[in-house]
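Notes follow once the structure below has been shown.
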Amino acid sequence: MTSRHTLVCLPPLDDPQQWAEAIDDAVEPYPDDIYTWSAFERYDSHFVTRPDAKPGPGALVQSPRARQVSPLRCSGSRRDLLDFDTMRAERAGQASRLYSAWESATATMPAAHPLSVFRHRHPENPYRARQEFHAQPQLQVLADLGAPPAQGRHDVTDALVTLDQEAFVERARQRAVPGDLLLTDDGVLHINPAFLNADDDAGTGSARYLALANSYLDGLPPDYLVFSLNVRLAG
């Protein structure tokens with residue numbers, strides 16, 4: 001069963017003991033999309049809390065693992081306790097370092113071909129197209145640079161090949177906070193089409209989703225709630 005990173009946003013609810021039930025109620029209208037959810041798996045350290053925040057008892061959803069990662073990491077809280085700017089700066093810094101290291105490591109190599117070239121070569125076999133794309137020597141060096149392994153449509157390799165450093169860093173910044181799905185406080189479920197449309201090499205669908213998600217999250221009132229969940233999709 002496929003799992004996806006999902007952000008669920010809720011109106012103010014002061015009692016943390018009621019948060020799980022409120023999340024259940026929020027996802028209930030989407031049985032064809034969301035099968036189960038957990039705040040203590042995989043994405044439990046997604047959020048960074050503000051260093052000056054003084055959360056009350058139970059005000060942070062924190063797994064034991066997240067506390068080991070950092071006392072500032074959590075999987076949910078009030079919007080005013082979460083530090084989206086720091087999350088974006090962290091992701092941008094990681095992307096900048098990766099791009100610089102990759103650019104240096106491949107400086108004497110010819111330019112790598114973008115994924116679209118291999119899709120054109122194998123229009124009926126997207127798996128083979130991606131295999132041949134990743135087999136390029138310029139991309140093989142990524143393993144030595146500590147880059148995360150290629151993960152299907154979510155990997156960054158095609159972006160490395162097609163974007164300049166500034167655009168690559170901005171791409172990472174835009175992806176720092178939103179997950180794959182966003183359930184807004186008014187009950188609307190938004191889905192990043194990146195894992196639905198394998199042919200969208202330019203990421204135009206994702207760009208629209210990310211712009212919407214970032215704008216919505218930044219505009220949330222301070223007492224609204226945001227949760228980072230590992231959701232298993234139905235079907």
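Residue numbering restarts at 1 for every chain of the structure tokens, chains are lettered A, B, ... in their displayed order, and ligands are numbered from 1 as they appear.
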### Message
To test your reading of the structure, identify every residue in region 11-80 of chain A that backbone DSSP assigns to helix (DSSP H, G or I), and report it as an MDAnalysis selection string.
### Response
chainID A and resid 16:27 64:69 79:80
Just the selected residues (N, CA, C and O atoms), exported as a CSV table (one decimal), in the first residue's frame, please.
```csv
chain,number,residue,atom,x,y,z
A,16,PRO,N,-5.2,19.3,23.2
A,16,PRO,CA,-4.4,18.3,22.4
A,16,PRO,C,-5.0,16.9,22.4
A,16,PRO,O,-4.8,16.1,21.5
A,17,GLN,N,-5.7,16.6,23.4
A,17,GLN,CA,-6.3,15.2,23.5
A,17,GLN,C,-7.4,15.0,22.4
A,17,GLN,O,-7.7,13.9,22.2
A,18,GLN,N,-7.9,16.1,21.9
A,18,GLN,CA,-8.9,16.0,20.8
A,18,GLN,C,-8.3,16.0,19.4
A,18,GLN,O,-9.1,15.9,18.5
A,19,TRP,N,-7.0,16.2,19.3
A,19,TRP,CA,-6.5,16.4,18.0
A,19,TRP,C,-6.6,15.2,17.1
A,19,TRP,O,-7.0,15.3,15.9
A,20,ALA,N,-6.3,14.0,17.6
A,20,ALA,CA,-6.4,12.8,16.8
A,20,ALA,C,-7.8,12.6,16.3
A,20,ALA,O,-8.0,12.2,15.1
A,21,GLU,N,-8.8,12.8,17.1
A,21,GLU,CA,-10.2,12.6,16.7
A,21,GLU,C,-10.6,13.6,15.6
A,21,GLU,O,-11.3,13.3,14.6
A,22,ALA,N,-10.0,14.8,15.8
A,22,ALA,CA,-10.3,15.9,14.8
A,22,ALA,C,-9.7,15.5,13.4
A,22,ALA,O,-10.3,15.8,12.4
A,23,ILE,N,-8.5,14.9,13.4
A,23,ILE,CA,-7.9,14.5,12.2
A,23,ILE,C,-8.7,13.4,11.5
A,23,ILE,O,-8.9,13.4,10.3
A,24,ASP,N,-9.1,12.4,12.4
A,24,ASP,CA,-10.0,11.4,11.8
A,24,ASP,C,-11.2,12.0,11.1
A,24,ASP,O,-11.6,11.5,10.0
A,25,ASP,N,-11.9,12.9,11.8
A,25,ASP,CA,-13.0,13.6,11.2
A,25,ASP,C,-12.7,14.3,9.9
A,25,ASP,O,-13.5,14.3,8.9
A,26,ALA,N,-11.5,14.9,9.8
A,26,ALA,CA,-11.1,15.7,8.7
A,26,ALA,C,-10.9,14.8,7.4
A,26,ALA,O,-11.2,15.1,6.3
A,27,VAL,N,-10.3,13.6,7.7
A,27,VAL,CA,-9.9,12.7,6.5
A,27,VAL,C,-11.1,11.8,6.2
A,27,VAL,O,-11.1,11.1,5.1
A,64,PRO,N,9.2,9.8,20.1
A,64,PRO,CA,10.5,9.7,20.8
A,64,PRO,C,11.6,9.8,19.7
A,64,PRO,O,12.7,10.4,20.0
A,65,ARG,N,11.4,9.3,18.5
A,65,ARG,CA,12.4,9.4,17.5
A,65,ARG,C,12.7,10.9,17.1
A,65,ARG,O,13.8,11.3,17.0
A,66,ALA,N,11.6,11.7,17.0
A,66,ALA,CA,11.8,13.1,16.7
A,66,ALA,C,12.5,13.8,17.8
A,66,ALA,O,13.3,14.7,17.5
A,67,ARG,N,12.2,13.5,19.0
A,67,ARG,CA,13.0,14.2,20.1
A,67,ARG,C,14.4,13.8,20.1
A,67,ARG,O,15.3,14.7,20.5
A,68,GLN,N,14.8,12.6,19.6
A,68,GLN,CA,16.2,12.3,19.5
A,68,GLN,C,16.9,13.0,18.4
A,68,GLN,O,18.0,13.4,18.4
A,69,VAL,N,16.1,13.2,17.3
A,69,VAL,CA,16.7,14.0,16.2
A,69,VAL,C,17.0,15.5,16.6
A,69,VAL,O,18.0,16.0,16.4
A,79,ARG,N,0.2,26.8,14.2
A,79,ARG,CA,1.0,27.4,13.2
A,79,ARG,C,2.0,28.4,13.7
A,79,ARG,O,3.1,28.4,13.2
A,80,ASP,N,1.7,29.1,14.8
A,80,ASP,CA,2.6,30.1,15.3
A,80,ASP,C,3.8,29.5,16.0
A,80,ASP,O,4.8,30.3,16.3
```
If you take only C-alpha atoms and a cut-off of 12 Å, which residues of region 61-148 of chain A touch region 201-224 of chain A, and what are their nearest atom pairs and distances in Å to one decimal, in chain and number order, as CSV?
```
residue,atom,partner,partner_atom,distance
A:Gly76,CA,A:Tyr224,CA,10.8
A:Ser77,CA,A:Tyr224,CA,8.4
A:Arg78,CA,A:Asp223,CA,5.5
A:Arg79,CA,A:Pro222,CA,5.0
A:Asp80,CA,A:Pro222,CA,4.5
A:Leu81,CA,A:Pro222,CA,8.1
A:Leu82,CA,A:Pro222,CA,9.4
A:Asp83,CA,A:Asp218,CA,10.2
A:Phe84,CA,A:Asp218,CA,8.0
A:Asp85,CA,A:Asp218,CA,9.7
A:Arg88,CA,A:Asn214,CA,10.7
A:Pro114,CA,A:Asp201,CA,9.2
A:Leu115,CA,A:Asp201,CA,7.5
A:Ser116,CA,A:Asp201,CA,6.8
A:Val117,CA,A:Asp201,CA,10.7
A:Phe118,CA,A:Asp201,CA,11.4
A:Arg119,CA,A:Asp201,CA,9.6
A:His120,CA,A:Asp201,CA,11.7
A:Pro126,CA,A:Asp201,CA,11.8
A:Arg130,CA,A:Asp201,CA,11.5
```
Selection above as a file: N, CA, C and O atoms, as a PDB file, in the first residue's frame:
```
ATOM      1  N   GLY A  76       3.582  18.150  14.432  1.00  0.00           N
ATOM      2  CA  GLY A  76       2.361  18.938  14.444  1.00  0.00           C
ATOM      3  C   GLY A  76       2.280  19.883  15.621  1.00  0.00           C
ATOM      4  O   GLY A  76       2.826  19.616  16.698  1.00  0.00           O
ATOM      5  N   SER A  77       1.611  21.011  15.395  1.00  0.00           N
ATOM      6  CA  SER A  77       1.415  21.994  16.454  1.00  0.00           C
ATOM      7  C   SER A  77       0.596  23.151  15.896  1.00  0.00           C
ATOM      8  O   SER A  77       0.093  23.093  14.771  1.00  0.00           O
ATOM      9  N   ARG A  78       0.486  24.211  16.702  1.00  0.00           N
ATOM     10  CA  ARG A  78      -0.115  25.448  16.222  1.00  0.00           C
ATOM     11  C   ARG A  78       0.803  26.091  15.181  1.00  0.00           C
ATOM     12  O   ARG A  78       2.023  25.973  15.243  1.00  0.00           O
ATOM     13  N   ARG A  79       0.191  26.778  14.247  1.00  0.00           N
ATOM     14  CA  ARG A  79       0.966  27.414  13.176  1.00  0.00           C
ATOM     15  C   ARG A  79       2.004  28.375  13.738  1.00  0.00           C
ATOM     16  O   ARG A  79       3.134  28.444  13.218  1.00  0.00           O
ATOM     17  N   ASP A  80       1.679  29.130  14.796  1.00  0.00           N
ATOM     18  CA  ASP A  80       2.624  30.132  15.283  1.00  0.00           C
ATOM     19  C   ASP A  80       3.824  29.534  16.001  1.00  0.00           C
ATOM     20  O   ASP A  80       4.787  30.251  16.289  1.00  0.00           O
ATOM     21  N   LEU A  81       3.801  28.231  16.260  1.00  0.00           N
ATOM     22  CA  LEU A  81       4.953  27.578  16.880  1.00  0.00           C
ATOM     23  C   LEU A  81       5.895  26.964  15.840  1.00  0.00           C
ATOM     24  O   LEU A  81       6.993  26.520  16.186  1.00  0.00           O
ATOM     25  N   LEU A  82       5.470  26.948  14.588  1.00  0.00           N
ATOM     26  CA  LEU A  82       6.242  26.289  13.527  1.00  0.00           C
ATOM     27  C   LEU A  82       7.046  27.312  12.727  1.00  0.00           C
ATOM     28  O   LEU A  82       6.553  28.406  12.424  1.00  0.00           O
ATOM     29  N   ASP A  83       8.272  26.947  12.385  1.00  0.00           N
ATOM     30  CA  ASP A  83       9.201  27.875  11.738  1.00  0.00           C
ATOM     31  C   ASP A  83       9.423  27.457  10.286  1.00  0.00           C
ATOM     32  O   ASP A  83      10.391  26.764   9.947  1.00  0.00           O
ATOM     33  N   PHE A  84       8.517  27.873   9.402  1.00  0.00           N
ATOM     34  CA  PHE A  84       8.626  27.515   7.990  1.00  0.00           C
ATOM     35  C   PHE A  84       9.849  28.159   7.330  1.00  0.00           C
ATOM     36  O   PHE A  84      10.454  27.575   6.426  1.00  0.00           O
ATOM     37  N   ASP A  85      10.225  29.360   7.777  1.00  0.00           N
ATOM     38  CA  ASP A  85      11.373  30.034   7.173  1.00  0.00           C
ATOM     39  C   ASP A  85      12.651  29.227   7.387  1.00  0.00           C
ATOM     40  O   ASP A  85      13.474  29.089   6.470  1.00  0.00           O
ATOM     41  N   ARG A  88      12.714  26.162   5.105  1.00  0.00           N
ATOM     42  CA  ARG A  88      13.060  26.495   3.726  1.00  0.00           C
ATOM     43  C   ARG A  88      14.545  26.829   3.593  1.00  0.00           C
ATOM     44  O   ARG A  88      15.186  26.440   2.610  1.00  0.00           O
ATOM     45  N   PRO A 114      19.062  15.321 -20.322  1.00  0.00           N
ATOM     46  CA  PRO A 114      17.893  15.336 -19.446  1.00  0.00           C
ATOM     47  C   PRO A 114      17.029  14.095 -19.654  1.00  0.00           C
ATOM     48  O   PRO A 114      17.144  13.390 -20.664  1.00  0.00           O
ATOM     49  N   LEU A 115      16.163  13.847 -18.703  1.00  0.00           N
ATOM     50  CA  LEU A 115      15.294  12.669 -18.753  1.00  0.00           C
ATOM     51  C   LEU A 115      14.419  12.663 -19.999  1.00  0.00           C
ATOM     52  O   LEU A 115      14.104  11.596 -20.551  1.00  0.00           O
ATOM     53  N   SER A 116      14.023  13.829 -20.471  1.00  0.00           N
ATOM     54  CA  SER A 116      13.136  13.905 -21.636  1.00  0.00           C
ATOM     55  C   SER A 116      13.750  13.236 -22.867  1.00  0.00           C
ATOM     56  O   SER A 116      13.027  12.692 -23.712  1.00  0.00           O
ATOM     57  N   VAL A 117      15.074  13.268 -22.991  1.00  0.00           N
ATOM     58  CA  VAL A 117      15.744  12.617 -24.127  1.00  0.00           C
ATOM     59  C   VAL A 117      15.486  11.120 -24.101  1.00  0.00           C
ATOM     60  O   VAL A 117      15.190  10.494 -25.130  1.00  0.00           O
ATOM     61  N   PHE A 118      15.544  10.528 -22.918  1.00  0.00           N
ATOM     62  CA  PHE A 118      15.363   9.081 -22.793  1.00  0.00           C
ATOM     63  C   PHE A 118      13.885   8.696 -22.894  1.00  0.00           C
ATOM     64  O   PHE A 118      13.554   7.617 -23.384  1.00  0.00           O
ATOM     65  N   ARG A 119      13.016   9.588 -22.469  1.00  0.00           N
ATOM     66  CA  ARG A 119      11.579   9.329 -22.654  1.00  0.00           C
ATOM     67  C   ARG A 119      11.247   9.315 -24.148  1.00  0.00           C
ATOM     68  O   ARG A 119      10.429   8.519 -24.594  1.00  0.00           O
ATOM     69  N   HIS A 120      11.865  10.220 -24.895  1.00  0.00           N
ATOM     70  CA  HIS A 120      11.643  10.265 -26.343  1.00  0.00           C
ATOM     71  C   HIS A 120      12.207   9.014 -27.005  1.00  0.00           C
ATOM     72  O   HIS A 120      11.623   8.488 -27.965  1.00  0.00           O
ATOM     73  N   PRO A 126       8.754   3.744 -19.896  1.00  0.00           N
ATOM     74  CA  PRO A 126       9.287   4.790 -19.015  1.00  0.00           C
ATOM     75  C   PRO A 126      10.290   4.261 -17.998  1.00  0.00           C
ATOM     76  O   PRO A 126      11.198   4.995 -17.590  1.00  0.00           O
ATOM     77  N   ARG A 130      14.057   5.811 -17.531  1.00  0.00           N
ATOM     78  CA  ARG A 130      14.638   6.303 -16.270  1.00  0.00           C
ATOM     79  C   ARG A 130      15.918   5.548 -15.927  1.00  0.00           C
ATOM     80  O   ARG A 130      16.878   6.139 -15.412  1.00  0.00           O
TER      81      ARG A 130
END
```
### Query
What is the CA of Glu103 (chain A) to CA of Leu160 (chain A) distance in Å?
9.1 Å
### Query
If you count only C-alpha atoms, which residues fall within 10 Å of His134 (chain A), apart from same-chain ones fewer than 6 positions away, as a list in words?
Ala112, His113, Pro114, Leu115, Arg128, Gln140, Leu142, Ala150, Thr157 and Asp158 of chain A
Expected file: the selected residues, N, CA and C atoms, as a compact mmCIF listing (two decimals), in the first residue's frame:
```txt
# COMPACT_ATOMS: atom_id res chain seq x y z
N ALA A 112 25.28 16.08 -19.05
CA ALA A 112 24.35 14.95 -19.02
C ALA A 112 23.11 15.29 -19.82
N HIS A 113 22.46 14.25 -20.36
CA HIS A 113 21.21 14.44 -21.09
C HIS A 113 20.04 14.46 -20.11
N PRO A 114 19.06 15.32 -20.32
CA PRO A 114 17.89 15.34 -19.45
C PRO A 114 17.03 14.10 -19.65
N LEU A 115 16.16 13.85 -18.70
CA LEU A 115 15.29 12.67 -18.75
C LEU A 115 14.42 12.66 -20.00
N ARG A 128 12.56 1.87 -18.49
CA ARG A 128 13.86 1.80 -19.16
C ARG A 128 14.43 3.20 -19.39
N GLN A 140 25.92 8.99 -11.87
CA GLN A 140 26.45 7.96 -11.00
C GLN A 140 27.28 8.54 -9.87
N LEU A 142 26.63 10.92 -8.02
CA LEU A 142 25.82 11.45 -6.93
C LEU A 142 25.90 10.58 -5.69
N ALA A 150 17.85 7.86 -5.87
CA ALA A 150 16.75 8.21 -6.78
C ALA A 150 15.48 7.55 -6.31
N THR A 157 17.40 14.34 -9.67
CA THR A 157 18.45 14.25 -10.68
C THR A 157 18.13 15.01 -11.95
N ASP A 158 16.90 14.93 -12.44
CA ASP A 158 16.58 15.65 -13.67
C ASP A 158 16.65 17.15 -13.45
```
### Query
Using the chain letters and numbers from this document, which residues of region 28-127 of chain A does DSSP assign to strand (DSSP E), as a list of chain:residue names?
A:Ile34, A:Tyr35, A:Thr36, A:Trp37, A:Ser38, A:Phe47, A:Val48, A:Arg73, A:Cys74, A:Gly76, A:Ser77, A:Arg78
Would you output that residue set with N, CA, C and O atoms, as an mmCIF file, in the first residue's frame?
```cif
data_model
loop_
_atom_site.group_PDB
_atom_site.id
_atom_site.type_symbol
_atom_site.label_atom_id
_atom_site.label_comp_id
_atom_site.auth_asym_id
_atom_site.auth_seq_id
_atom_site.Cartn_x
_atom_site.Cartn_y
_atom_site.Cartn_z
ATOM 1 N N ILE A 34 -7.518 8.233 1.342
ATOM 2 C CA ILE A 34 -6.762 8.044 2.577
ATOM 3 C C ILE A 34 -7.306 6.836 3.324
ATOM 4 O O ILE A 34 -8.483 6.786 3.697
ATOM 5 N N TYR A 35 -6.423 5.856 3.536
ATOM 6 C CA TYR A 35 -6.824 4.620 4.218
ATOM 7 C C TYR A 35 -6.501 4.690 5.714
ATOM 8 O O TYR A 35 -7.366 4.501 6.557
ATOM 9 N N THR A 36 -5.261 4.945 6.043
ATOM 10 C CA THR A 36 -4.855 5.124 7.437
ATOM 11 C C THR A 36 -3.845 6.262 7.506
ATOM 12 O O THR A 36 -3.263 6.675 6.496
ATOM 13 N N TRP A 37 -3.607 6.760 8.725
ATOM 14 C CA TRP A 37 -2.623 7.812 8.912
ATOM 15 C C TRP A 37 -1.892 7.620 10.226
ATOM 16 O O TRP A 37 -2.391 6.973 11.139
ATOM 17 N N SER A 38 -0.694 8.201 10.312
ATOM 18 C CA SER A 38 0.084 8.163 11.542
ATOM 19 C C SER A 38 0.932 9.417 11.644
ATOM 20 O O SER A 38 1.526 9.861 10.656
ATOM 21 N N PHE A 47 8.534 19.052 10.814
ATOM 22 C CA PHE A 47 8.433 20.461 11.180
ATOM 23 C C PHE A 47 9.554 20.886 12.129
ATOM 24 O O PHE A 47 10.005 20.117 12.976
ATOM 25 N N VAL A 48 9.964 22.134 11.980
ATOM 26 C CA VAL A 48 10.865 22.781 12.920
ATOM 27 C C VAL A 48 10.049 23.783 13.725
ATOM 28 O O VAL A 48 9.280 24.559 13.160
ATOM 29 N N ARG A 73 12.163 19.506 16.674
ATOM 30 C CA ARG A 73 11.455 18.809 15.601
ATOM 31 C C ARG A 73 10.153 18.218 16.120
ATOM 32 O O ARG A 73 10.075 17.708 17.237
ATOM 33 N N CYS A 74 9.127 18.271 15.261
ATOM 34 C CA CYS A 74 7.841 17.702 15.651
ATOM 35 C C CYS A 74 7.039 17.368 14.405
ATOM 36 O O CYS A 74 7.437 17.678 13.285
ATOM 37 N N GLY A 76 3.582 18.150 14.432
ATOM 38 C CA GLY A 76 2.361 18.938 14.444
ATOM 39 C C GLY A 76 2.280 19.883 15.621
ATOM 40 O O GLY A 76 2.826 19.616 16.698
ATOM 41 N N SER A 77 1.611 21.011 15.395
ATOM 42 C CA SER A 77 1.415 21.994 16.454
ATOM 43 C C SER A 77 0.596 23.151 15.896
ATOM 44 O O SER A 77 0.093 23.093 14.771
ATOM 45 N N ARG A 78 0.486 24.211 16.702
ATOM 46 C CA ARG A 78 -0.115 25.448 16.222
ATOM 47 C C ARG A 78 0.803 26.091 15.181
ATOM 48 O O ARG A 78 2.023 25.973 15.243
#
```
### Task
Excluding Asp144 (chain A) and any residue of its chain fewer than 6 positions from it, enumerate the residues within 12 Å of it, using only C-alpha atoms, and give them as a ChimeraX atom specification.
/A:98,101-102,105-106,137-138
### Task
Could you check how far CA of His46 (chain A) sits from CA of Ser75 (chain A), in Å to one decimal?
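According to the coordinates, CA of His46 (chain A) and CA of Ser75 (chain A) are separated by 5.9 Å.
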